[in-house]
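**Student:** Below is protein.pdb; it holds PDB, C-alpha atoms, pLDDT in the B column.
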```pdb
ATOM      1  CA  MET A   1     -35.688 -27.817   6.997  1.00 49.00           C
ATOM      2  CA  ARG A   2     -32.959 -27.767   9.622  1.00 60.00           C
ATOM      3  CA  LYS A   3     -34.839 -30.222  11.797  1.00 60.00           C
ATOM      4  CA  ASN A   4     -34.518 -33.515   9.926  1.00 67.00           C
ATOM      5  CA  MET A   5     -31.677 -32.549   7.622  1.00 74.00           C
ATOM      6  CA  ASP A   6     -28.926 -33.161  10.168  1.00 77.00           C
ATOM      7  CA  ILE A   7     -30.014 -36.650  11.208  1.00 86.00           C
ATOM      8  CA  ASN A   8     -30.184 -37.705   7.553  1.00 90.00           C
ATOM      9  CA  LEU A   9     -26.668 -36.414   7.037  1.00 90.00           C
ATOM     10  CA  LEU A  10     -25.380 -38.623   9.843  1.00 90.00           C
ATOM     11  CA  PHE A  11     -27.124 -41.707   8.470  1.00 92.00           C
ATOM     12  CA  ARG A  12     -25.936 -40.942   4.932  1.00 92.00           C
ATOM     13  CA  ILE A  13     -22.316 -40.804   6.067  1.00 92.00           C
ATOM     14  CA  ALA A  14     -22.739 -44.018   8.050  1.00 91.00           C
ATOM     15  CA  ALA A  15     -24.236 -45.701   4.981  1.00 92.00           C
ATOM     16  CA  ILE A  16     -21.370 -44.533   2.768  1.00 93.00           C
ATOM     17  CA  GLY A  17     -18.857 -45.746   5.350  1.00 92.00           C
ATOM     18  CA  ILE A  18     -20.368 -49.203   5.580  1.00 92.00           C
ATOM     19  CA  LEU A  19     -20.746 -49.411   1.787  1.00 93.00           C
ATOM     20  CA  VAL A  20     -17.079 -48.498   1.303  1.00 93.00           C
ATOM     21  CA  ALA A  21     -16.035 -51.050   3.898  1.00 92.00           C
ATOM     22  CA  VAL A  22     -18.037 -53.809   2.203  1.00 93.00           C
ATOM     23  CA  LEU A  23     -16.779 -52.809  -1.261  1.00 93.00           C
ATOM     24  CA  HIS A  24     -13.231 -52.796   0.069  1.00 93.00           C
ATOM     25  CA  GLN A  25     -13.603 -56.343   1.403  1.00 92.00           C
ATOM     26  CA  VAL A  26     -15.224 -57.604  -1.778  1.00 93.00           C
ATOM     27  CA  LEU A  27     -12.548 -56.096  -4.005  1.00 94.00           C
ATOM     28  CA  VAL A  28      -9.760 -57.367  -1.769  1.00 93.00           C
ATOM     29  CA  ARG A  29     -11.268 -60.878  -1.891  1.00 93.00           C
ATOM     30  CA  ALA A  30     -11.471 -60.582  -5.687  1.00 93.00           C
ATOM     31  CA  GLY A  31      -7.762 -59.853  -5.727  1.00 91.00           C
ATOM     32  CA  ARG A  32      -8.020 -56.186  -6.921  1.00 89.00           C
ATOM     33  CA  GLU A  33      -6.312 -54.342  -4.057  1.00 90.00           C
ATOM     34  CA  ASP A  34      -5.715 -51.168  -6.116  1.00 92.00           C
ATOM     35  CA  GLN A  35      -9.397 -50.768  -6.991  1.00 91.00           C
ATOM     36  CA  ALA A  36     -10.253 -51.377  -3.357  1.00 92.00           C
ATOM     37  CA  MET A  37      -7.971 -48.494  -2.429  1.00 93.00           C
ATOM     38  CA  MET A  38      -9.658 -46.351  -5.094  1.00 92.00           C
ATOM     39  CA  THR A  39     -13.154 -46.983  -3.762  1.00 91.00           C
ATOM     40  CA  THR A  40     -12.031 -46.210  -0.205  1.00 92.00           C
ATOM     41  CA  LEU A  41     -10.468 -42.938  -1.337  1.00 93.00           C
ATOM     42  CA  ALA A  42     -13.561 -42.062  -3.375  1.00 93.00           C
ATOM     43  CA  GLY A  43     -15.812 -42.693  -0.380  1.00 93.00           C
ATOM     44  CA  LEU A  44     -13.554 -40.606   1.834  1.00 93.00           C
ATOM     45  CA  ILE A  45     -13.608 -37.683  -0.610  1.00 95.00           C
ATOM     46  CA  ILE A  46     -17.401 -37.763  -0.987  1.00 94.00           C
ATOM     47  CA  VAL A  47     -17.888 -37.718   2.767  1.00 93.00           C
ATOM     48  CA  LEU A  48     -15.233 -35.024   3.076  1.00 94.00           C
ATOM     49  CA  THR A  49     -17.162 -32.705   0.763  1.00 95.00           C
ATOM     50  CA  MET A  50     -20.352 -33.244   2.787  1.00 92.00           C
ATOM     51  CA  VAL A  51     -18.579 -32.593   6.086  1.00 93.00           C
ATOM     52  CA  ILE A  52     -16.772 -29.528   4.737  1.00 95.00           C
ATOM     53  CA  ARG A  53     -20.050 -27.992   3.549  1.00 93.00           C
ATOM     54  CA  GLU A  54     -21.510 -28.436   7.031  1.00 92.00           C
ATOM     55  CA  ILE A  55     -18.396 -27.073   8.755  1.00 93.00           C
ATOM     56  CA  SER A  56     -18.288 -24.006   6.499  1.00 95.00           C
ATOM     57  CA  ASP A  57     -21.971 -23.454   7.242  1.00 92.00           C
ATOM     58  CA  LEU A  58     -21.145 -23.564  10.968  1.00 92.00           C
ATOM     59  CA  PHE A  59     -18.227 -21.159  10.610  1.00 93.00           C
ATOM     60  CA  ASP A  60     -20.352 -18.677   8.616  1.00 94.00           C
ATOM     61  CA  THR A  61     -23.130 -18.639  11.214  1.00 93.00           C
ATOM     62  CA  VAL A  62     -20.659 -18.271  14.097  1.00 92.00           C
ATOM     63  CA  ARG A  63     -18.898 -15.464  12.230  1.00 92.00           C
ATOM     64  CA  THR A  64     -22.194 -13.605  11.777  1.00 92.00           C
ATOM     65  CA  ILE A  65     -23.188 -14.150  15.426  1.00 91.00           C
ATOM     66  CA  PHE A  66     -19.943 -12.944  16.976  1.00 89.00           C
ATOM     67  CA  ASN A  67     -19.261 -10.570  14.030  1.00 86.00           C
ATOM     68  CA  LEU A  68     -15.710 -11.818  13.863  1.00 83.00           C
TER      69      LEU A  68
ATOM     70  CA  MET B   1     -37.105 -29.435  23.595  1.00 81.00           C
ATOM     71  CA  GLU B   2     -33.803 -28.461  22.020  1.00 85.00           C
ATOM     72  CA  ILE B   3     -31.815 -30.462  24.550  1.00 91.00           C
ATOM     73  CA  ILE B   4     -33.614 -33.660  23.528  1.00 92.00           C
ATOM     74  CA  ARG B   5     -32.487 -33.209  19.929  1.00 90.00           C
ATOM     75  CA  ILE B   6     -28.925 -32.479  20.985  1.00 92.00           C
ATOM     76  CA  ILE B   7     -28.758 -35.603  23.169  1.00 94.00           C
ATOM     77  CA  GLY B   8     -30.390 -37.644  20.427  1.00 92.00           C
ATOM     78  CA  ILE B   9     -27.887 -36.565  17.777  1.00 91.00           C
ATOM     79  CA  GLY B  10     -25.009 -37.208  20.170  1.00 93.00           C
ATOM     80  CA  LEU B  11     -26.126 -40.726  21.055  1.00 94.00           C
ATOM     81  CA  ILE B  12     -26.956 -41.699  17.476  1.00 92.00           C
ATOM     82  CA  ALA B  13     -23.544 -40.472  16.359  1.00 93.00           C
ATOM     83  CA  LEU B  14     -21.947 -42.431  19.190  1.00 94.00           C
ATOM     84  CA  ILE B  15     -23.579 -45.646  18.034  1.00 93.00           C
ATOM     85  CA  ILE B  16     -22.634 -45.001  14.404  1.00 91.00           C
ATOM     86  CA  ILE B  17     -19.036 -44.302  15.412  1.00 92.00           C
ATOM     87  CA  ILE B  18     -18.793 -47.529  17.388  1.00 93.00           C
ATOM     88  CA  VAL B  19     -20.130 -49.485  14.423  1.00 89.00           C
ATOM     89  CA  LEU B  20     -17.883 -47.767  11.900  1.00 89.00           C
ATOM     90  CA  LYS B  21     -14.738 -47.840  14.013  1.00 89.00           C
ATOM     91  CA  GLN B  22     -14.072 -51.511  13.431  1.00 88.00           C
ATOM     92  CA  TYR B  23     -14.318 -51.318   9.633  1.00 85.00           C
ATOM     93  CA  LYS B  24     -13.182 -47.830   8.659  1.00 85.00           C
ATOM     94  CA  PRO B  25     -11.776 -45.634  11.482  1.00 87.00           C
ATOM     95  CA  GLU B  26     -11.476 -42.614   9.131  1.00 87.00           C
ATOM     96  CA  PHE B  27     -15.269 -42.313   8.942  1.00 89.00           C
ATOM     97  CA  ALA B  28     -15.492 -42.277  12.735  1.00 89.00           C
ATOM     98  CA  ILE B  29     -13.597 -38.976  12.780  1.00 90.00           C
ATOM     99  CA  TYR B  30     -15.888 -37.591  10.064  1.00 91.00           C
ATOM    100  CA  ILE B  31     -18.961 -38.507  12.088  1.00 92.00           C
ATOM    101  CA  SER B  32     -17.600 -36.891  15.287  1.00 92.00           C
ATOM    102  CA  LEU B  33     -16.658 -33.745  13.337  1.00 92.00           C
ATOM    103  CA  LEU B  34     -20.073 -33.559  11.753  1.00 92.00           C
ATOM    104  CA  THR B  35     -21.897 -34.164  15.039  1.00 93.00           C
ATOM    105  CA  GLY B  36     -19.955 -31.365  16.699  1.00 92.00           C
ATOM    106  CA  ALA B  37     -20.849 -29.028  13.872  1.00 92.00           C
ATOM    107  CA  LEU B  38     -24.522 -30.022  13.878  1.00 92.00           C
ATOM    108  CA  ILE B  39     -24.923 -29.575  17.629  1.00 91.00           C
ATOM    109  CA  LEU B  40     -23.252 -26.152  17.502  1.00 91.00           C
ATOM    110  CA  LEU B  41     -25.518 -25.196  14.588  1.00 90.00           C
ATOM    111  CA  LEU B  42     -28.518 -26.138  16.700  1.00 89.00           C
ATOM    112  CA  LEU B  43     -27.346 -23.770  19.414  1.00 90.00           C
ATOM    113  CA  THR B  44     -26.888 -20.761  17.144  1.00 89.00           C
ATOM    114  CA  ASP B  45     -30.291 -19.150  17.770  1.00 87.00           C
ATOM    115  CA  GLN B  46     -29.815 -19.307  21.560  1.00 90.00           C
ATOM    116  CA  LEU B  47     -26.360 -17.825  21.041  1.00 91.00           C
ATOM    117  CA  THR B  48     -27.706 -14.903  19.013  1.00 92.00           C
ATOM    118  CA  GLY B  49     -30.239 -14.240  21.781  1.00 93.00           C
ATOM    119  CA  ILE B  50     -27.502 -14.120  24.418  1.00 93.00           C
ATOM    120  CA  VAL B  51     -25.267 -11.847  22.357  1.00 91.00           C
ATOM    121  CA  ASN B  52     -28.143  -9.445  21.628  1.00 92.00           C
ATOM    122  CA  LEU B  53     -29.071  -9.403  25.329  1.00 93.00           C
ATOM    123  CA  ILE B  54     -25.502  -8.536  26.314  1.00 90.00           C
ATOM    124  CA  GLN B  55     -25.338  -5.783  23.723  1.00 89.00           C
ATOM    125  CA  SER B  56     -28.653  -4.251  24.806  1.00 90.00           C
ATOM    126  CA  ILE B  57     -27.665  -4.298  28.496  1.00 90.00           C
ATOM    127  CA  ALA B  58     -24.278  -2.766  27.683  1.00 88.00           C
ATOM    128  CA  GLY B  59     -26.023  -0.119  25.594  1.00 86.00           C
ATOM    129  CA  LYS B  60     -28.226   0.848  28.551  1.00 88.00           C
ATOM    130  CA  ALA B  61     -25.295   0.871  31.006  1.00 85.00           C
ATOM    131  CA  ASN B  62     -23.388   2.935  28.369  1.00 81.00           C
ATOM    132  CA  ILE B  63     -20.320   0.733  28.591  1.00 77.00           C
ATOM    133  CA  ASN B  64     -17.773   1.520  25.878  1.00 78.00           C
ATOM    134  CA  SER B  65     -19.182  -0.461  22.928  1.00 81.00           C
ATOM    135  CA  GLN B  66     -15.724  -0.905  21.367  1.00 82.00           C
ATOM    136  CA  PHE B  67     -14.560  -3.023  24.317  1.00 85.00           C
ATOM    137  CA  LEU B  68     -17.804  -4.963  24.357  1.00 87.00           C
ATOM    138  CA  SER B  69     -17.583  -5.930  20.678  1.00 88.00           C
ATOM    139  CA  LEU B  70     -14.001  -6.999  21.343  1.00 90.00           C
ATOM    140  CA  LEU B  71     -15.198  -9.185  24.219  1.00 89.00           C
ATOM    141  CA  ILE B  72     -17.819 -10.791  21.995  1.00 91.00           C
ATOM    142  CA  LYS B  73     -15.190 -11.406  19.300  1.00 92.00           C
ATOM    143  CA  ILE B  74     -12.921 -13.071  21.847  1.00 93.00           C
ATOM    144  CA  THR B  75     -15.775 -15.295  22.980  1.00 92.00           C
ATOM    145  CA  GLY B  76     -16.354 -16.320  19.384  1.00 92.00           C
ATOM    146  CA  ILE B  77     -12.696 -17.187  18.903  1.00 94.00           C
ATOM    147  CA  ALA B  78     -12.684 -19.241  22.087  1.00 94.00           C
ATOM    148  CA  PHE B  79     -15.916 -20.943  20.969  1.00 92.00           C
ATOM    149  CA  LEU B  80     -14.474 -22.022  17.626  1.00 92.00           C
ATOM    150  CA  SER B  81     -11.030 -22.999  18.864  1.00 94.00           C
ATOM    151  CA  GLU B  82     -12.543 -25.131  21.634  1.00 94.00           C
ATOM    152  CA  PHE B  83     -14.547 -26.957  18.927  1.00 93.00           C
ATOM    153  CA  ALA B  84     -11.374 -27.796  16.994  1.00 94.00           C
ATOM    154  CA  VAL B  85      -9.245 -28.561  20.053  1.00 95.00           C
ATOM    155  CA  SER B  86     -11.670 -31.103  21.492  1.00 95.00           C
ATOM    156  CA  ILE B  87     -11.986 -32.919  18.155  1.00 93.00           C
ATOM    157  CA  CYS B  88      -8.202 -33.065  17.709  1.00 94.00           C
ATOM    158  CA  LYS B  89      -7.795 -34.392  21.254  1.00 94.00           C
ATOM    159  CA  ASP B  90     -10.523 -36.966  20.639  1.00 90.00           C
ATOM    160  CA  SER B  91      -8.746 -38.395  17.628  1.00 89.00           C
ATOM    161  CA  GLY B  92      -5.525 -38.629  19.602  1.00 91.00           C
ATOM    162  CA  GLU B  93      -3.676 -35.649  18.095  1.00 92.00           C
ATOM    163  CA  GLY B  94      -2.719 -33.830  21.297  1.00 95.00           C
ATOM    164  CA  ALA B  95       0.064 -31.882  19.574  1.00 96.00           C
ATOM    165  CA  ILE B  96      -2.258 -30.317  16.988  1.00 96.00           C
ATOM    166  CA  ALA B  97      -4.782 -29.542  19.733  1.00 96.00           C
ATOM    167  CA  SER B  98      -2.191 -27.676  21.790  1.00 96.00           C
ATOM    168  CA  LYS B  99      -1.017 -25.755  18.696  1.00 96.00           C
ATOM    169  CA  ILE B 100      -4.573 -24.618  17.944  1.00 96.00           C
ATOM    170  CA  GLU B 101      -5.010 -23.649  21.595  1.00 96.00           C
ATOM    171  CA  LEU B 102      -1.737 -21.702  21.554  1.00 97.00           C
ATOM    172  CA  GLY B 103      -2.769 -19.921  18.362  1.00 96.00           C
ATOM    173  CA  SER B 104      -6.140 -18.929  19.751  1.00 96.00           C
ATOM    174  CA  LYS B 105      -4.551 -17.626  22.974  1.00 96.00           C
ATOM    175  CA  ILE B 106      -2.070 -15.497  21.014  1.00 96.00           C
ATOM    176  CA  ILE B 107      -4.828 -14.104  18.800  1.00 95.00           C
ATOM    177  CA  ILE B 108      -6.952 -13.271  21.851  1.00 94.00           C
ATOM    178  CA  ILE B 109      -4.056 -11.521  23.585  1.00 94.00           C
ATOM    179  CA  SER B 110      -3.195  -9.570  20.456  1.00 94.00           C
ATOM    180  CA  MET B 111      -6.838  -8.481  20.139  1.00 91.00           C
ATOM    181  CA  SER B 112      -7.072  -7.353  23.741  1.00 91.00           C
ATOM    182  CA  ILE B 113      -4.055  -5.001  23.504  1.00 92.00           C
ATOM    183  CA  PRO B 114      -6.250  -1.856  23.211  1.00 88.00           C
ATOM    184  CA  ILE B 115      -8.151  -2.860  26.358  1.00 88.00           C
ATOM    185  CA  ILE B 116      -4.938  -3.357  28.293  1.00 90.00           C
ATOM    186  CA  SER B 117      -3.463  -0.061  27.104  1.00 92.00           C
ATOM    187  CA  SER B 118      -6.589   1.901  28.000  1.00 89.00           C
ATOM    188  CA  LEU B 119      -6.639   0.201  31.402  1.00 89.00           C
ATOM    189  CA  LEU B 120      -3.057   1.303  32.032  1.00 93.00           C
ATOM    190  CA  GLU B 121      -3.908   4.872  31.030  1.00 93.00           C
ATOM    191  CA  ILE B 122      -6.794   4.928  33.498  1.00 90.00           C
ATOM    192  CA  ILE B 123      -4.537   3.606  36.248  1.00 93.00           C
ATOM    193  CA  LEU B 124      -1.884   6.210  35.465  1.00 94.00           C
ATOM    194  CA  GLN B 125      -4.500   8.975  35.670  1.00 93.00           C
ATOM    195  CA  ILE B 126      -5.621   7.720  39.071  1.00 91.00           C
ATOM    196  CA  LEU B 127      -2.131   7.610  40.490  1.00 88.00           C
ATOM    197  CA  PRO B 128      -1.059  11.043  41.861  1.00 79.00           C
TER     198      PRO B 128
END
```
Represent the structure of the file as C-alpha coordinates.
**Tutor:**
Amino acid sequence: MRKNMDINLLFRIAAIGILVAVLHQVLVRAGREDQAMMTTLAGLIIVLTMVIREISDLFDTVRTIFNL
Amino acid sequence: MEIIRIIGIGLIALIIIIVLKQYKPEFAIYISLLTGALILLLLTDQLTGIVNLIQSIAGKANINSQFLSLLIKITGIAFLSEFAVSICKDSGEGAIASKIELGSKIIIISMSIPIISSLLEIILQILP
(Lines of atoms letter the chains of each structure in order from A and count residues from 1; the text may use other names and numbers.)
(Lines give C-alpha, C1' and ligand atoms only; values in the text may rest on other atoms or scores of the structure.)
Protein backbone atom coordinates (compact mmCIF):
# COMPACT_ATOMS: atom_id res chain seq x y z
CA MET A 1 0.00 0.00 0.00
CA ARG A 2 2.87 2.32 0.85
CA LYS A 3 4.36 1.94 -2.60
CA ASN A 4 1.98 3.90 -4.83
CA MET A 5 0.20 5.86 -2.12
CA ASP A 6 2.88 8.53 -1.80
CA ILE A 7 3.16 9.37 -5.50
CA ASN A 8 -0.62 9.76 -5.71
CA LEU A 9 -0.52 12.14 -2.77
CA LEU A 10 1.97 14.36 -4.58
CA PHE A 11 -0.11 14.43 -7.76
CA ARG A 12 -3.31 15.07 -5.79
CA ILE A 13 -1.78 18.12 -4.11
CA ALA A 14 -0.46 19.38 -7.44
CA ALA A 15 -3.92 18.96 -8.96
CA ILE A 16 -5.57 20.83 -6.09
CA GLY A 17 -2.99 23.61 -6.40
CA ILE A 18 -3.55 24.07 -10.11
CA LEU A 19 -7.33 23.85 -9.69
CA VAL A 20 -7.25 26.55 -7.00
CA ALA A 21 -5.05 28.74 -9.17
CA VAL A 22 -7.42 28.42 -12.14
CA LEU A 23 -10.49 29.00 -9.95
CA HIS A 24 -8.81 32.05 -8.45
CA GLN A 25 -8.18 33.53 -11.90
CA VAL A 26 -11.69 32.78 -13.11
CA LEU A 27 -13.31 34.32 -10.05
CA VAL A 28 -11.05 37.37 -10.20
CA ARG A 29 -11.95 37.85 -13.88
CA ALA A 30 -15.64 37.53 -12.94
CA GLY A 31 -15.15 40.36 -10.48
CA ARG A 32 -15.69 38.27 -7.27
CA GLU A 33 -12.38 38.80 -5.46
CA ASP A 34 -13.76 37.71 -2.06
CA GLN A 35 -14.94 34.34 -3.37
CA ALA A 36 -11.59 33.90 -5.07
CA MET A 37 -9.92 34.40 -1.70
CA MET A 38 -12.33 31.86 -0.17
CA THR A 39 -11.51 29.17 -2.72
CA THR A 40 -7.78 29.74 -2.25
CA LEU A 41 -8.14 29.42 1.52
CA ALA A 42 -10.30 26.32 1.14
CA GLY A 43 -7.73 24.69 -1.13
CA LEU A 44 -4.95 25.57 1.29
CA ILE A 45 -6.83 24.05 4.24
CA ILE A 46 -7.62 20.82 2.36
CA VAL A 47 -3.99 20.37 1.38
CA LEU A 48 -2.92 21.29 4.90
CA THR A 49 -4.98 18.45 6.38
CA MET A 50 -3.44 15.97 3.92
CA VAL A 51 0.10 17.16 4.66
CA ILE A 52 -0.49 17.16 8.43
CA ARG A 53 -1.73 13.56 8.34
CA GLU A 54 1.44 12.52 6.52
CA ILE A 55 3.71 14.51 8.85
CA SER A 56 2.06 13.05 11.96
CA ASP A 57 2.49 9.59 10.44
CA LEU A 58 6.20 10.35 9.98
CA PHE A 59 6.59 11.65 13.54
CA ASP A 60 4.85 8.56 14.99
CA THR A 61 7.10 6.14 13.10
CA VAL A 62 10.26 8.08 14.04
CA ARG A 63 9.12 8.17 17.66
CA THR A 64 8.65 4.39 17.69
CA ILE A 65 12.02 3.80 15.98
CA PHE A 66 14.10 5.98 18.28
CA ASN A 67 11.71 5.37 21.23
CA LEU A 68 11.71 9.06 21.98
CA MET B 1 15.80 -0.43 -5.51
CA GLU B 2 14.78 1.92 -2.73
CA ILE B 3 17.11 4.64 -3.95
CA ILE B 4 15.35 4.72 -7.33
CA ARG B 5 12.03 5.47 -5.64
CA ILE B 6 13.58 8.16 -3.47
CA ILE B 7 15.18 9.89 -6.48
CA GLY B 8 11.96 9.53 -8.44
CA ILE B 9 9.83 11.14 -5.73
CA GLY B 10 12.36 13.94 -5.34
CA LEU B 11 12.48 14.77 -9.05
CA ILE B 12 8.72 14.55 -9.54
CA ALA B 13 8.21 16.87 -6.57
CA LEU B 14 10.80 19.24 -8.02
CA ILE B 15 8.92 19.47 -11.30
CA ILE B 16 5.59 19.96 -9.53
CA ILE B 17 7.09 22.70 -7.37
CA ILE B 18 8.47 24.55 -10.38
CA VAL B 19 5.08 24.40 -12.07
CA LEU B 20 3.16 25.46 -8.98
CA LYS B 21 5.55 28.20 -7.92
CA GLN B 22 4.40 30.64 -10.56
CA TYR B 23 0.69 30.34 -9.73
CA LYS B 24 0.48 29.55 -6.03
CA PRO B 25 3.78 29.64 -4.06
CA GLU B 26 2.05 28.37 -0.88
CA PHE B 27 1.52 24.95 -2.47
CA ALA B 28 5.21 24.73 -3.34
CA ILE B 29 6.04 24.68 0.37
CA TYR B 30 3.39 22.01 0.96
CA ILE B 31 4.87 19.83 -1.75
CA SER B 32 8.44 20.17 -0.38
CA LEU B 33 7.19 19.39 3.14
CA LEU B 34 5.31 16.36 1.93
CA THR B 35 8.22 15.09 -0.17
CA GLY B 36 10.55 15.33 2.81
CA ALA B 37 8.10 13.38 4.92
CA LEU B 38 7.54 10.72 2.26
CA ILE B 39 11.24 10.14 1.66
CA LEU B 40 11.91 9.84 5.40
CA LEU B 41 8.98 7.41 5.69
CA LEU B 42 10.56 5.30 2.96
CA LEU B 43 13.76 5.10 4.98
CA THR B 44 12.12 3.97 8.21
CA ASP B 45 12.66 0.22 7.75
CA GLN B 46 16.39 0.70 7.06
CA LEU B 47 16.52 2.93 10.14
CA THR B 48 14.91 0.29 12.35
CA GLY B 49 17.46 -2.24 11.08
CA ILE B 50 20.36 0.05 11.99
CA VAL B 51 18.98 0.83 15.44
CA ASN B 52 18.39 -2.87 16.19
CA LEU B 53 21.92 -3.70 15.00
CA ILE B 54 23.42 -1.07 17.30
CA GLN B 55 21.39 -2.32 20.24
CA SER B 56 22.37 -5.96 19.65
CA ILE B 57 26.07 -5.09 19.34
CA ALA B 58 25.91 -2.95 22.48
CA GLY B 59 24.15 -5.79 24.28
CA LYS B 60 26.98 -8.19 23.39
CA ALA B 61 29.70 -5.68 24.35
CA ASN B 62 27.69 -5.08 27.59
CA ILE B 63 27.85 -1.32 27.21
CA ASN B 64 25.61 0.48 29.70
CA SER B 65 22.22 0.28 27.94
CA GLN B 66 20.98 3.48 29.61
CA PHE B 67 23.62 5.56 27.79
CA LEU B 68 22.96 3.75 24.54
CA SER B 69 19.22 4.44 24.60
CA LEU B 70 20.06 8.07 25.34
CA LEU B 71 22.36 8.14 22.30
CA ILE B 72 19.62 6.70 20.11
CA LYS B 73 17.15 9.29 21.46
CA ILE B 74 19.59 12.08 20.65
CA THR B 75 20.00 10.75 17.13
CA GLY B 76 16.24 10.78 16.72
CA ILE B 77 16.00 14.37 17.91
CA ALA B 78 18.75 15.42 15.52
CA PHE B 79 17.01 13.51 12.71
CA LEU B 80 13.70 15.30 13.21
CA SER B 81 15.11 18.76 13.85
CA GLU B 82 17.28 18.54 10.72
CA PHE B 83 14.09 17.74 8.75
CA ALA B 84 12.39 20.91 10.02
CA VAL B 85 15.48 23.12 9.80
CA SER B 86 16.17 22.32 6.15
CA ILE B 87 12.55 22.98 5.16
CA CYS B 88 12.49 26.32 7.01
CA LYS B 89 15.77 27.33 5.36
CA ASP B 90 14.42 26.29 1.96
CA SER B 91 11.41 28.56 2.26
CA GLY B 92 13.64 31.45 3.26
CA GLU B 93 12.90 31.53 7.00
CA GLY B 94 16.46 31.42 8.34
CA ALA B 95 15.42 32.83 11.72
CA ILE B 96 12.92 30.04 12.43
CA ALA B 97 15.47 27.47 11.26
CA SER B 98 18.09 28.74 13.69
CA LYS B 99 15.53 28.79 16.53
CA ILE B 100 14.62 25.15 15.88
CA GLU B 101 18.31 24.27 15.72
CA LEU B 102 18.97 26.10 19.00
CA GLY B 103 16.05 24.31 20.65
CA SER B 104 17.23 20.90 19.52
CA LYS B 105 20.78 21.60 20.74
CA ILE B 106 19.51 22.66 24.17
CA ILE B 107 17.30 19.58 24.44
CA ILE B 108 20.20 17.32 23.45
CA ILE B 109 22.52 18.92 26.00
CA SER B 110 19.90 18.68 28.72
CA MET B 111 19.39 14.99 27.90
CA SER B 112 23.09 14.21 27.98
CA ILE B 113 23.60 15.61 31.51
CA PRO B 114 23.64 12.12 33.13
CA ILE B 115 26.33 10.99 30.69
CA ILE B 116 28.48 14.01 31.47
CA SER B 117 28.06 13.60 35.22
CA SER B 118 28.95 9.91 35.14
CA LEU B 119 31.97 10.73 32.97
CA LEU B 120 33.17 13.25 35.55
CA GLU B 121 32.73 10.70 38.34
CA ILE B 122 34.85 8.19 36.44
CA ILE B 123 37.54 10.80 35.88
CA LEU B 124 37.53 11.76 39.55
CA GLN B 125 37.94 8.10 40.54
CA ILE B 126 40.92 7.76 38.22
CA LEU B 127 42.66 10.82 39.57
CA PRO B 128 44.73 10.00 42.71
**Student:** Compute the chain A side of the contact with chain B at 10 Å, counting only C-alpha atoms, and hand it back as JSON, numbers by chain.
**Tutor:** {"A": [2, 3, 5, 6, 7, 9, 10, 11, 13, 14, 15, 16, 17, 18, 20, 21, 22, 24, 25, 40, 43, 44, 47, 48, 50, 51, 52, 53, 54, 55, 56, 57, 58, 59, 61, 62, 63, 64, 65, 66, 67, 68]}
**Student:** Between CA of Glu101 in chain B and CA of Ile87 in chain B, what is the spacing in Å?
**Tutor:**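 CA of Ile87 in chain B sits 12.1 Å away from CA of Glu101 in chain B.
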**Student:** Do you know which residues the PyMOL selection byres ((chain B and resi 115) around 12) returns on this file, as a list in words?
**Tutor:**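 That expression, the PyMOL selection byres ((chain B and resi 115) around 12), corresponds here to Asn64, Ser65, Gln66, Phe67, Leu68, Ser69, Leu70, Leu71, Ile108, Ile109, Ser110, Met111, Ser112, Ile113, Pro114, Ile116, Ser117, Ser118, Leu119, Leu120, Glu121 and Ile122 of chain B.
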**Student:** May I ask for the distance between CA of Met37 in chain A and CA of Asn8 in chain A, given in Å to one decimal place?
**Tutor:** 26.6 Å
**Student:** Could you tell me how far CA of Gly10 in chain B lies from CA of Gln46 in chain B, in Å and to one decimal?
**Tutor:** 18.6 Å
